[in-house]
Amino acid sequence: MSIWRRLGEIIHRIPGSCVLIDHVVEAVRSTFGTSAERRHAAFSISMIALSAKMAKADGVVTGDEVTAFKQLFEIPEGERRNVARLFNLAKQDVAGFEAYARKISGLFAEGAEIFEDIVDGLFHIAKADGMVHEAELEFIVRVARVFGLSEPAFARISSRHVVPEEGDPYLILGIDRAATNEDVKRHYRRIVAETHPDKLMARGVPAEFIAIATAKLAALNGAYDRIRQERAFA
């Protein structure tokens, strides 16, 4: 049985009056046997639930945001109704988004790289209508704090999404301006390798989550090209 089918069964069984996030987190822990399946399910649940909470942050869910959400996952036709149910329940749940983020953080190891992947996904949805609104940015900042992301790590992620072509290319790459040309080249090759879909899947990011990897690579490549031109190295 596919992970999406099993997630659909979990979502279908959610009582309308339950503490939603408690129910879902415990179901993920008890339903999926292998660590890879749990990571995949936990990431998917995290993105669905937190996207719903963020959509509520600025009070309006736009068509662009819905499209951006759909770009993150290729949800089987038969499971879309269940995913929509979870999205709507999370959006309406009285529990605050920070409570959701805290529960979700417990599904992963402390300091896990996948927290950055979730924040990347939230930025992708937030900027779908052409800009990251103030309420959405505050939402993502506070979620990142709950996840334990450092300020430099958050600055590096946000710099790729908030007008990356005008941002500091060194910040986008996450490297010091004093680095040598060889250091820049080695660092660039390493982070590009870490962004490969196979690496993301090993962390629990679904194979369908290619939109984030593509956008991240484009920002990294653009920043590297600007540094290369500035320093005039091949």
# chains A, B, ... in the order shown; residues from 1 in each chain; ligands from 1

$ residues_around --residues "Ala84 of chain A" --least-positions-apart "6" --cutoff "10 Å" --atoms "only C-alpha atoms" --output "MDAnalysis selection string"
chainID A and resid 11 48 52 90

$ residues_around --residues "Ala49 of chain A" --least-positions-apart "3" --cutoff "8 Å" --atoms "only C-alpha atoms" --output "PDB file with N, CA and C atoms, in the first residue's frame"
ATOM      1  N   ILE A  45       2.791  15.319   6.150  1.00  0.00           N
ATOM      2  CA  ILE A  45       1.835  15.849   7.129  1.00  0.00           C
ATOM      3  C   ILE A  45       2.256  17.245   7.563  1.00  0.00           C
ATOM      4  N   SER A  46       3.553  17.436   7.778  1.00  0.00           N
ATOM      5  CA  SER A  46       4.052  18.745   8.212  1.00  0.00           C
ATOM      6  C   SER A  46       3.712  19.822   7.198  1.00  0.00           C
ATOM      7  N   ALA A  52      -1.632  24.924   5.716  1.00  0.00           N
ATOM      8  CA  ALA A  52      -2.993  25.352   6.050  1.00  0.00           C
ATOM      9  C   ALA A  52      -2.969  26.465   7.089  1.00  0.00           C
ATOM     10  N   LYS A  53      -2.136  26.300   8.103  1.00  0.00           N
ATOM     11  CA  LYS A  53      -2.038  27.331   9.142  1.00  0.00           C
ATOM     12  C   LYS A  53      -1.500  28.638   8.561  1.00  0.00           C
ATOM     13  N   LEU A  86      -7.686  17.230   5.614  1.00  0.00           N
ATOM     14  CA  LEU A  86      -6.677  17.568   6.609  1.00  0.00           C
ATOM     15  C   LEU A  86      -6.335  19.059   6.539  1.00  0.00           C
ATOM     16  N   PHE A  87      -6.177  19.578   5.314  1.00  0.00           N
ATOM     17  CA  PHE A  87      -5.863  20.991   5.122  1.00  0.00           C
ATOM     18  C   PHE A  87      -6.938  21.865   5.778  1.00  0.00           C
ATOM     19  N   ALA A  90      -6.974  21.518   9.688  1.00  0.00           N
ATOM     20  CA  ALA A  90      -5.850  22.233  10.294  1.00  0.00           C
ATOM     21  C   ALA A  90      -6.082  23.730  10.261  1.00  0.00           C
ATOM     22  N   LYS A  91      -6.641  24.209   9.160  1.00  0.00           N
ATOM     23  CA  LYS A  91      -6.900  25.650   9.017  1.00  0.00           C
ATOM     24  C   LYS A  91      -7.910  26.134  10.054  1.00  0.00           C
ATOM     25  N   TYR A 100       1.333  23.378  16.627  1.00  0.00           N
ATOM     26  CA  TYR A 100       1.518  22.443  15.526  1.00  0.00           C
ATOM     27  C   TYR A 100       3.004  22.230  15.253  1.00  0.00           C
TER      28      TYR A 100
END

$ closest_atom_pairs --of "segment 72-170 of chain A" --to "segment 186-201 of chain A" --cutoff "12 Å" --atoms "only C-alpha atoms" --output "JSON lines"
{"residue": "A:Ala112", "atom": "CA", "partner": "A:Leu200", "partner_atom": "CA", "distance": 11.9}
{"residue": "A:Glu113", "atom": "CA", "partner": "A:Leu200", "partner_atom": "CA", "distance": 9.2}
{"residue": "A:Ile114", "atom": "CA", "partner": "A:Leu200", "partner_atom": "CA", "distance": 8.1}
{"residue": "A:Phe115", "atom": "CA", "partner": "A:Leu200", "partner_atom": "CA", "distance": 11.6}
{"residue": "A:Glu116", "atom": "CA", "partner": "A:Leu200", "partner_atom": "CA", "distance": 10.9}
{"residue": "A:Asp117", "atom": "CA", "partner": "A:Leu200", "partner_atom": "CA", "distance": 8.3}
{"residue": "A:Ile118", "atom": "CA", "partner": "A:Leu200", "partner_atom": "CA", "distance": 11.3}
{"residue": "A:Asp120", "atom": "CA", "partner": "A:Thr195", "partner_atom": "CA", "distance": 11.9}
{"residue": "A:Pro169", "atom": "CA", "partner": "A:Tyr188", "partner_atom": "CA", "distance": 11.4}
{"residue": "A:Tyr170", "atom": "CA", "partner": "A:Tyr188", "partner_atom": "CA", "distance": 10.5}
